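File shown: structure01.csv (CSV, N, CA and C atoms).
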chain,number,residue,atom,x,y,z
X,509,MET,N,106.5,109.3,88.7
X,509,MET,CA,106.0,108.4,89.8
X,509,MET,C,104.5,108.2,89.6
X,510,GLU,N,104.1,106.9,89.5
X,510,GLU,CA,102.7,106.6,89.4
X,510,GLU,C,102.1,106.5,90.8
X,511,PRO,N,100.9,107.2,90.9
X,511,PRO,CA,100.3,107.2,92.2
X,511,PRO,C,99.7,105.7,92.5
X,512,ARG,N,99.8,105.4,93.8
X,512,ARG,CA,99.4,104.0,94.2
X,512,ARG,C,98.0,104.0,94.6
X,513,ASN,N,97.3,105.1,94.8
X,513,ASN,CA,95.9,105.2,95.2
X,513,ASN,C,95.4,106.6,94.9
X,514,THR,N,94.1,106.8,95.1
X,514,THR,CA,93.5,108.1,94.7
X,514,THR,C,94.0,109.2,95.6
X,515,THR,N,94.3,109.0,96.9
X,515,THR,CA,94.8,110.0,97.8
X,515,THR,C,96.1,110.5,97.3
X,516,GLU,N,97.0,109.5,97.0
X,516,GLU,CA,98.3,109.9,96.5
X,516,GLU,C,98.2,110.6,95.2
X,517,ALA,N,97.3,110.2,94.3
X,517,ALA,CA,97.1,110.9,93.0
X,517,ALA,C,96.7,112.4,93.2
X,518,VAL,N,95.9,112.6,94.2
X,518,VAL,CA,95.5,114.0,94.4
X,518,VAL,C,96.6,114.8,95.0
X,519,LEU,N,97.4,114.2,95.9
X,519,LEU,CA,98.5,114.9,96.5
X,519,LEU,C,99.6,115.2,95.4
X,520,LEU,N,99.8,114.3,94.5
X,520,LEU,CA,100.8,114.5,93.4
X,520,LEU,C,100.3,115.6,92.5
X,521,GLY,N,99.0,115.6,92.2
X,521,GLY,CA,98.4,116.6,91.3
X,521,GLY,C,98.5,118.0,91.9
X,522,TYR,N,98.3,118.1,93.2
X,522,TYR,CA,98.5,119.3,93.9
X,522,TYR,C,99.9,119.8,93.8
X,523,LYS,N,100.9,119.0,94.1
X,523,LYS,CA,102.3,119.3,94.0
X,523,LYS,C,102.7,119.8,92.6
X,524,LYS,N,102.1,119.1,91.6
X,524,LYS,CA,102.4,119.5,90.2
X,524,LYS,C,101.9,120.9,89.9
X,525,GLY,N,100.6,121.1,90.3
X,525,GLY,CA,100.0,122.4,90.1
X,525,GLY,C,100.7,123.5,90.9
X,526,LEU,N,101.1,123.2,92.1
X,526,LEU,CA,101.9,124.2,92.9
X,526,LEU,C,103.2,124.5,92.2
X,527,GLY,N,103.8,123.5,91.7
X,527,GLY,CA,105.1,123.7,91.0
X,527,GLY,C,105.0,124.6,89.8
X,528,MET,N,103.9,124.4,89.0
X,528,MET,CA,103.6,125.2,87.8
X,528,MET,C,103.3,126.6,88.2
X,529,PHE,N,102.6,126.8,89.3
X,529,PHE,CA,102.2,128.1,89.7
X,529,PHE,C,103.5,128.8,90.2
X,530,THR,N,104.4,128.1,90.9
X,530,THR,CA,105.6,128.7,91.4
X,530,THR,C,106.5,129.1,90.2
X,531,GLU,N,106.6,128.4,89.2
X,531,GLU,CA,107.4,128.8,88.0
X,531,GLU,C,106.9,130.1,87.4
X,532,LYS,N,105.5,130.2,87.4
X,532,LYS,CA,104.9,131.4,86.7
X,532,LYS,C,104.9,132.6,87.6
X,533,MET,N,104.8,132.4,88.9
X,533,MET,CA,104.6,133.4,89.9
X,533,MET,C,105.6,133.2,91.1
X,534,PRO,N,106.9,133.2,90.9
X,534,PRO,CA,107.8,132.8,91.9
X,534,PRO,C,107.8,133.8,93.1
X,535,ASP,N,107.7,135.0,92.9
X,535,ASP,CA,107.7,136.0,94.1
X,535,ASP,C,106.4,135.7,95.0
X,536,LEU,N,105.3,135.7,94.3
X,536,LEU,CA,104.1,135.5,95.1
X,536,LEU,C,104.1,134.1,95.8
X,537,ALA,N,104.5,133.1,95.1
X,537,ALA,CA,104.6,131.7,95.7
X,537,ALA,C,105.6,131.7,96.9
X,538,HIS,N,106.7,132.4,96.7
X,538,HIS,CA,107.7,132.5,97.8
X,538,HIS,C,107.1,133.1,99.0
X,539,HIS,N,106.4,134.2,98.9
X,539,HIS,CA,105.8,134.9,100.0
X,539,HIS,C,104.7,134.1,100.7
X,540,TYR,N,103.9,133.5,99.8
X,540,TYR,CA,102.8,132.7,100.3
X,540,TYR,C,103.3,131.5,101.1
X,541,ASN,N,104.3,130.8,100.5
X,541,ASN,CA,104.9,129.6,101.2
X,541,ASN,C,105.6,130.0,102.5
X,542,ALA,N,106.3,131.2,102.5
X,542,ALA,CA,106.9,131.6,103.8
X,542,ALA,C,105.9,131.9,104.9
X,543,PHE,N,104.8,132.5,104.5
X,543,PHE,CA,103.7,132.8,105.4
X,543,PHE,C,103.1,131.6,106.0
X,544,THR,N,102.8,130.6,105.1
X,544,THR,CA,102.1,129.4,105.6
X,544,THR,C,103.1,128.6,106.4
X,545,GLU,N,104.4,128.5,106.0
X,545,GLU,CA,105.3,127.8,106.9
X,545,GLU,C,105.4,128.4,108.2
X,546,ALA,N,105.4,129.7,108.3
X,546,ALA,CA,105.5,130.4,109.6
X,546,ALA,C,104.3,130.1,110.5
X,547,CYS,N,103.1,130.0,109.8
X,547,CYS,CA,101.9,129.7,110.6
X,547,CYS,C,101.9,128.3,111.1
X,548,PHE,N,102.5,127.4,110.5
X,548,PHE,CA,102.5,126.0,110.9
X,548,PHE,C,103.8,125.6,111.8
X,549,ASN,N,104.7,126.6,112.0
X,549,ASN,CA,105.8,126.3,112.9
X,549,ASN,C,105.3,126.0,114.3
X,550,GLU,N,106.0,125.1,115.0
X,550,GLU,CA,105.7,124.8,116.4
X,550,GLU,C,105.8,126.1,117.2
X,551,GLY,N,104.8,126.3,118.1
X,551,GLY,CA,104.7,127.4,118.9
X,551,GLY,C,104.0,127.0,120.2
X,552,GLU,N,103.1,127.9,120.6
X,552,GLU,CA,102.2,127.5,121.8
X,552,GLU,C,101.3,126.3,121.4
X,553,LEU,N,101.0,126.3,120.1
X,553,LEU,CA,100.2,125.1,119.6
X,553,LEU,C,101.2,124.2,118.9
X,554,SER,N,101.1,122.9,119.1
X,554,SER,CA,101.9,122.0,118.4
X,554,SER,C,101.6,121.9,116.9
X,555,GLN,N,102.5,121.4,116.1
X,555,GLN,CA,102.2,121.2,114.7
X,555,GLN,C,101.0,120.3,114.5
X,556,LYS,N,100.9,119.3,115.3
X,556,LYS,CA,99.7,118.4,115.3
X,556,LYS,C,98.4,119.1,115.5
X,557,GLN,N,98.4,120.0,116.5
X,557,GLN,CA,97.2,120.8,116.8
X,557,GLN,C,96.9,121.7,115.7
X,558,LYS,N,97.9,122.3,115.1
X,558,LYS,CA,97.7,123.2,113.9
X,558,LYS,C,97.1,122.4,112.7
X,559,GLN,N,97.6,121.2,112.5
X,559,GLN,CA,97.1,120.4,111.4
X,559,GLN,C,95.6,120.0,111.6
X,560,LEU,N,95.3,119.7,112.9
X,560,LEU,CA,93.9,119.4,113.2
X,560,LEU,C,93.0,120.6,113.0
X,561,ILE,N,93.4,121.7,113.4
X,561,ILE,CA,92.7,123.0,113.1
X,561,ILE,C,92.5,123.2,111.6
X,562,ALA,N,93.6,123.0,110.9
X,562,ALA,CA,93.5,123.2,109.4
X,562,ALA,C,92.6,122.2,108.8
X,563,LEU,N,92.6,121.0,109.3
X,563,LEU,CA,91.7,120.0,108.7
X,563,LEU,C,90.2,120.4,109.0
X,564,GLY,N,90.0,120.8,110.2
X,564,GLY,CA,88.6,121.3,110.6
X,564,GLY,C,88.1,122.4,109.7
X,565,ILE,N,89.0,123.4,109.4
X,565,ILE,CA,88.6,124.5,108.5
X,565,ILE,C,88.4,124.0,107.1
X,566,SER,N,89.3,123.1,106.7
X,566,SER,CA,89.1,122.5,105.3
X,566,SER,C,87.8,121.8,105.2
X,567,ILE,N,87.4,121.0,106.2
X,567,ILE,CA,86.2,120.3,106.1
X,567,ILE,C,85.0,121.3,106.1
X,568,PHE,N,85.0,122.3,106.9
X,568,PHE,CA,84.0,123.3,107.0
X,568,PHE,C,83.8,124.0,105.7
X,569,SER,N,85.0,124.3,105.0
X,569,SER,CA,84.9,125.1,103.8
X,569,SER,C,84.8,124.1,102.5
X,570,GLN,N,84.7,122.8,102.8
X,570,GLN,CA,84.6,121.8,101.8
X,570,GLN,C,85.6,121.9,100.7
X,571,ASP,N,86.9,122.1,101.1
X,571,ASP,CA,88.0,122.2,100.2
X,571,ASP,C,88.7,120.8,100.1
X,572,GLU,N,88.4,120.0,99.1
X,572,GLU,CA,88.8,118.6,99.0
X,572,GLU,C,90.3,118.5,99.0
X,573,TYR,N,91.0,119.4,98.3
X,573,TYR,CA,92.5,119.3,98.3
X,573,TYR,C,93.1,119.5,99.7
X,574,CYS,N,92.5,120.5,100.4
X,574,CYS,CA,93.1,120.8,101.7
X,574,CYS,C,92.6,119.7,102.7
X,575,ILE,N,91.5,119.1,102.5
X,575,ILE,CA,91.1,118.0,103.4
X,575,ILE,C,92.1,116.9,103.3
X,576,ILE,N,92.4,116.5,102.1
X,576,ILE,CA,93.4,115.4,101.8
X,576,ILE,C,94.8,115.9,102.4
X,577,TYR,N,95.2,117.1,102.0
X,577,TYR,CA,96.5,117.5,102.4
X,577,TYR,C,96.7,117.6,104.0
X,578,HIS,N,95.6,118.1,104.6
X,578,HIS,CA,95.7,118.2,106.1
X,578,HIS,C,95.4,116.9,106.8
X,579,THR,N,94.7,116.0,106.2
X,579,THR,CA,94.5,114.7,106.8
X,579,THR,C,95.9,114.0,106.9
X,580,LYS,N,96.7,114.2,105.7
X,580,LYS,CA,98.0,113.7,105.7
X,580,LYS,C,98.9,114.4,106.8
X,581,GLY,N,98.7,115.7,106.9
X,581,GLY,CA,99.5,116.5,107.8
X,581,GLY,C,99.2,116.0,109.3
X,582,CYS,N,98.0,115.7,109.5
X,582,CYS,CA,97.6,115.2,110.9
X,582,CYS,C,98.3,113.9,111.1
X,583,LEU,N,98.2,113.0,110.2
X,583,LEU,CA,98.9,111.7,110.4
X,583,LEU,C,100.4,111.8,110.5
X,584,ASP,N,101.0,112.7,109.6
X,584,ASP,CA,102.4,112.9,109.7
X,584,ASP,C,102.9,113.4,111.0
X,585,ASN,N,102.0,114.2,111.7
X,585,ASN,CA,102.4,114.8,113.0
X,585,ASN,C,101.8,114.0,114.2
X,586,GLY,N,101.5,112.8,113.9
X,586,GLY,CA,101.1,111.9,115.0
X,586,GLY,C,99.7,111.9,115.5
X,587,ALA,N,98.8,112.5,114.8
X,587,ALA,CA,97.4,112.5,115.2
X,587,ALA,C,96.8,111.0,115.0
X,588,THR,N,96.0,110.6,116.0
X,588,THR,CA,95.4,109.3,115.9
X,588,THR,C,94.1,109.5,115.1
X,589,GLU,N,93.6,108.3,114.7
X,589,GLU,CA,92.4,108.3,113.9
X,589,GLU,C,91.3,108.9,114.7
X,590,LYS,N,91.2,108.6,116.0
X,590,LYS,CA,90.2,109.2,116.9
X,590,LYS,C,90.3,110.7,117.0
X,591,GLU,N,91.5,111.2,117.1
X,591,GLU,CA,91.7,112.7,117.1
X,591,GLU,C,91.2,113.3,115.8
X,592,ILE,N,91.5,112.7,114.7
X,592,ILE,CA,91.0,113.2,113.4
X,592,ILE,C,89.5,113.1,113.4
X,593,LEU,N,88.9,112.0,113.8
X,593,LEU,CA,87.5,111.9,113.8
X,593,LEU,C,86.8,112.8,114.8
X,594,GLU,N,87.4,113.2,115.9
X,594,GLU,CA,86.8,114.2,116.8
X,594,GLU,C,86.8,115.5,116.1
X,595,THR,N,87.9,115.8,115.3
X,595,THR,CA,87.9,117.0,114.5
X,595,THR,C,86.8,117.1,113.5
X,596,VAL,N,86.5,115.9,112.9
X,596,VAL,CA,85.4,115.8,112.0
X,596,VAL,C,84.1,116.1,112.7
X,597,GLY,N,83.9,115.6,113.9
X,597,GLY,CA,82.7,115.9,114.6
X,597,GLY,C,82.5,117.4,114.9
X,598,VAL,N,83.6,118.1,115.3
X,598,VAL,CA,83.5,119.5,115.6
X,598,VAL,C,83.2,120.3,114.3
X,599,SER,N,83.8,119.9,113.2
X,599,SER,CA,83.6,120.5,112.0
X,599,SER,C,82.1,120.4,111.5
X,600,ALA,N,81.6,119.1,111.7
X,600,ALA,CA,80.2,118.9,111.3
X,600,ALA,C,79.2,119.6,112.2
X,601,ALA,N,79.6,119.9,113.5
X,601,ALA,CA,78.7,120.7,114.4
X,601,ALA,C,78.5,122.1,113.8
X,602,PHE,N,79.5,122.6,113.1
X,602,PHE,CA,79.4,123.9,112.5
X,602,PHE,C,79.0,123.9,111.1
X,603,GLY,N,79.4,122.9,110.4
X,603,GLY,CA,79.2,122.8,108.9
X,603,GLY,C,78.0,121.9,108.5
X,604,GLY,N,77.4,121.3,109.4
X,604,GLY,CA,76.2,120.5,109.1
X,604,GLY,C,76.5,119.3,108.2
X,605,GLY,N,75.5,118.9,107.5
X,605,GLY,CA,75.5,117.7,106.7
X,605,GLY,C,76.6,117.7,105.6
X,606,ALA,N,76.8,118.9,105.0
X,606,ALA,CA,77.8,119.0,104.0
X,606,ALA,C,79.2,118.6,104.5
X,607,ALA,N,79.5,119.2,105.7
X,607,ALA,CA,80.8,118.9,106.3
X,607,ALA,C,80.9,117.4,106.7
X,608,MET,N,79.8,116.9,107.2
X,608,MET,CA,79.8,115.5,107.6
X,608,MET,C,80.0,114.6,106.4
X,609,SER,N,79.3,114.9,105.3
X,609,SER,CA,79.4,114.0,104.2
X,609,SER,C,80.9,114.0,103.6
X,610,GLN,N,81.5,115.2,103.6
X,610,GLN,CA,82.9,115.2,103.2
X,610,GLN,C,83.8,114.3,104.1
X,611,SER,N,83.5,114.4,105.4
X,611,SER,CA,84.3,113.7,106.4
X,611,SER,C,84.2,112.2,106.4
X,612,VAL,N,82.9,111.8,106.4
X,612,VAL,CA,82.7,110.3,106.5
X,612,VAL,C,83.2,109.6,105.3
X,613,THR,N,83.4,110.3,104.2
X,613,THR,CA,83.8,109.7,103.0
X,613,THR,C,85.3,110.0,102.8
X,614,LEU,N,85.6,111.2,102.5
X,614,LEU,CA,87.0,111.6,102.0
X,614,LEU,C,88.0,111.4,103.1
X,615,VAL,N,87.7,111.9,104.3
X,615,VAL,CA,88.7,111.8,105.4
X,615,VAL,C,89.0,110.3,105.7
X,616,GLN,N,88.0,109.5,105.9
X,616,GLN,CA,88.2,108.1,106.2
X,616,GLN,C,88.9,107.4,105.1
X,617,GLU,N,88.6,107.7,103.8
X,617,GLU,CA,89.3,107.1,102.7
X,617,GLU,C,90.8,107.5,102.7
X,618,CYS,N,91.1,108.8,103.0
X,618,CYS,CA,92.5,109.2,103.1
X,618,CYS,C,93.2,108.5,104.2
X,619,ILE,N,92.6,108.4,105.4
X,619,ILE,CA,93.3,107.7,106.5
X,619,ILE,C,93.7,106.3,106.1
X,620,THR,N,92.7,105.6,105.5
X,620,THR,CA,92.9,104.2,105.1
X,620,THR,C,94.1,104.1,104.0
X,621,GLU,N,94.0,105.0,103.0
X,621,GLU,CA,95.0,104.9,101.9
X,621,GLU,C,96.3,105.3,102.4
X,622,LEU,N,96.4,106.4,103.2
X,622,LEU,CA,97.7,106.9,103.7
X,622,LEU,C,98.4,105.8,104.6
X,623,ASN,N,97.6,105.2,105.4
X,623,ASN,CA,98.1,104.2,106.3
X,623,ASN,C,98.6,103.0,105.5
X,624,GLN,N,97.9,102.6,104.4
X,624,GLN,CA,98.4,101.5,103.6
X,624,GLN,C,99.7,101.8,102.9
X,625,LEU,N,99.9,103.1,102.6
X,625,LEU,CA,101.2,103.5,101.9
X,625,LEU,C,102.4,103.4,102.9
X,626,ARG,N,102.1,103.5,104.2
X,626,ARG,CA,103.1,103.5,105.2
X,626,ARG,C,103.6,102.0,105.5
X,627,GLN,N,102.8,101.1,105.1
X,627,GLN,CA,103.1,99.7,105.4
X,627,GLN,C,104.1,99.1,104.4
Starting from the coordinates I provided, produce the structure as structure tokens.
Amino acid sequence: MEPRNTTEAVLLGYKKGLGMFTEKMPDLAHHYNAFTEACFNEGELSQKQKQLIALGISIFSQDEYCIIYHTKGCLDNGATEKEILETVGVSAAFGGGAAMSQSVTLVQECITELNQLRQ
């Protein structure tokens, strides 16, 4: 499958890398995946809230793959652009200029490109 934009290319690259890791380290990958799936299950917090939290942490830690992955997770779970941008603001309050620069570029590019793919 050829990626249709840079966001999709990053997501496909991540999936490919994860697949290769899983082939080489199946037991570890299985346990890691089970743990993260349990963390993101609906509970007292909704999946949307959990994705927004994960996005905020990703922005703060400047993890570009996770920023893209969790921006998609936010949109997939019904987060609005304003909810995502509020998350950006909170992350920038803690992470300063570095967090803000990741957000005003990468997050907004992801929102635009992911929304284009849905049309």
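Interatomic distance, atom N of Gly603 (chain X) against atom C of Ala562 (chain X): 13.3 Å.
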Report task. Taking the chain letters and numbering used in this document, name the residues of chain X that DSSP puts in helix (DSSP H, G or I), as an MDAnalysis selection string. Result -> chainID X and resid 514:532 534:548 555:569 572:584 589:626
Considering only C-alpha atoms, return as a PDB file with N, CA and C atoms, in the coordinates of the input whatever protein or nucleic-acid residues lie within 10 Å of Gly581 (chain X), sequence-local ones (same chain, fewer than 2 positions apart) excluded.
ATOM      1  N   GLN X 555     102.500 121.400 116.100  1.00  0.00           N
ATOM      2  CA  GLN X 555     102.200 121.200 114.700  1.00  0.00           C
ATOM      3  C   GLN X 555     101.000 120.300 114.500  1.00  0.00           C
ATOM      4  N   LYS X 556     100.900 119.300 115.300  1.00  0.00           N
ATOM      5  CA  LYS X 556      99.700 118.400 115.300  1.00  0.00           C
ATOM      6  C   LYS X 556      98.400 119.100 115.500  1.00  0.00           C
ATOM      7  N   LYS X 558      97.900 122.300 115.100  1.00  0.00           N
ATOM      8  CA  LYS X 558      97.700 123.200 113.900  1.00  0.00           C
ATOM      9  C   LYS X 558      97.100 122.400 112.700  1.00  0.00           C
ATOM     10  N   GLN X 559      97.600 121.200 112.500  1.00  0.00           N
ATOM     11  CA  GLN X 559      97.100 120.400 111.400  1.00  0.00           C
ATOM     12  C   GLN X 559      95.600 120.000 111.600  1.00  0.00           C
ATOM     13  N   LEU X 560      95.300 119.700 112.900  1.00  0.00           N
ATOM     14  CA  LEU X 560      93.900 119.400 113.200  1.00  0.00           C
ATOM     15  C   LEU X 560      93.000 120.600 113.000  1.00  0.00           C
ATOM     16  N   ALA X 562      93.600 123.000 110.900  1.00  0.00           N
ATOM     17  CA  ALA X 562      93.500 123.200 109.400  1.00  0.00           C
ATOM     18  C   ALA X 562      92.600 122.200 108.800  1.00  0.00           C
ATOM     19  N   LEU X 563      92.600 121.000 109.300  1.00  0.00           N
ATOM     20  CA  LEU X 563      91.700 120.000 108.700  1.00  0.00           C
ATOM     21  C   LEU X 563      90.200 120.400 109.000  1.00  0.00           C
ATOM     22  N   CYS X 574      92.500 120.500 100.400  1.00  0.00           N
ATOM     23  CA  CYS X 574      93.100 120.800 101.700  1.00  0.00           C
ATOM     24  C   CYS X 574      92.600 119.700 102.700  1.00  0.00           C
ATOM     25  N   ILE X 575      91.500 119.100 102.500  1.00  0.00           N
ATOM     26  CA  ILE X 575      91.100 118.000 103.400  1.00  0.00           C
ATOM     27  C   ILE X 575      92.100 116.900 103.300  1.00  0.00           C
ATOM     28  N   ILE X 576      92.400 116.500 102.100  1.00  0.00           N
ATOM     29  CA  ILE X 576      93.400 115.400 101.800  1.00  0.00           C
ATOM     30  C   ILE X 576      94.800 115.900 102.400  1.00  0.00           C
ATOM     31  N   TYR X 577      95.200 117.100 102.000  1.00  0.00           N
ATOM     32  CA  TYR X 577      96.500 117.500 102.400  1.00  0.00           C
ATOM     33  C   TYR X 577      96.700 117.600 104.000  1.00  0.00           C
ATOM     34  N   HIS X 578      95.600 118.100 104.600  1.00  0.00           N
ATOM     35  CA  HIS X 578      95.700 118.200 106.100  1.00  0.00           C
ATOM     36  C   HIS X 578      95.400 116.900 106.800  1.00  0.00           C
ATOM     37  N   THR X 579      94.700 116.000 106.200  1.00  0.00           N
ATOM     38  CA  THR X 579      94.500 114.700 106.800  1.00  0.00           C
ATOM     39  C   THR X 579      95.900 114.000 106.900  1.00  0.00           C
ATOM     40  N   LEU X 583      98.200 113.000 110.200  1.00  0.00           N
ATOM     41  CA  LEU X 583      98.900 111.700 110.400  1.00  0.00           C
ATOM     42  C   LEU X 583     100.400 111.800 110.500  1.00  0.00           C
ATOM     43  N   ASP X 584     101.000 112.700 109.600  1.00  0.00           N
ATOM     44  CA  ASP X 584     102.400 112.900 109.700  1.00  0.00           C
ATOM     45  C   ASP X 584     102.900 113.400 111.000  1.00  0.00           C
ATOM     46  N   ASN X 585     102.000 114.200 111.700  1.00  0.00           N
ATOM     47  CA  ASN X 585     102.400 114.800 113.000  1.00  0.00           C
ATOM     48  C   ASN X 585     101.800 114.000 114.200  1.00  0.00           C
ATOM     49  N   GLY X 586     101.500 112.800 113.900  1.00  0.00           N
ATOM     50  CA  GLY X 586     101.100 111.900 115.000  1.00  0.00           C
ATOM     51  C   GLY X 586      99.700 111.900 115.500  1.00  0.00           C
ATOM     52  N   ALA X 587      98.800 112.500 114.800  1.00  0.00           N
ATOM     53  CA  ALA X 587      97.400 112.500 115.200  1.00  0.00           C
ATOM     54  C   ALA X 587      96.800 111.000 115.000  1.00  0.00           C
TER      55      ALA X 587
END
Report task. Figure out the distance between CA of Gly527 (chain X) and CA of Tyr540 (chain X), please, to one decimal in Å. Result -> 13.1 Å
Report task. Around the point (81.6, 119.4, 98.9) in the file's coordinates, collect all residues with an atom within 8 Å, using only C-alpha atoms, and return them as number ranges by chain. Result -> X: 570-572, 606-607, 609-610
Query - One-decimal distance in Å that lies between atom C of Ser566 (chain X) and atom N of Gly525 (chain X) - result: 19.7 Å
Report task. Neighbourhood query: residues within 10 Å of (81.2, 118.6, 111.8), file coordinates, counting only C-alpha atoms; return as a ChimeraX atom specification. Result -> /X:564,567-568,593-612
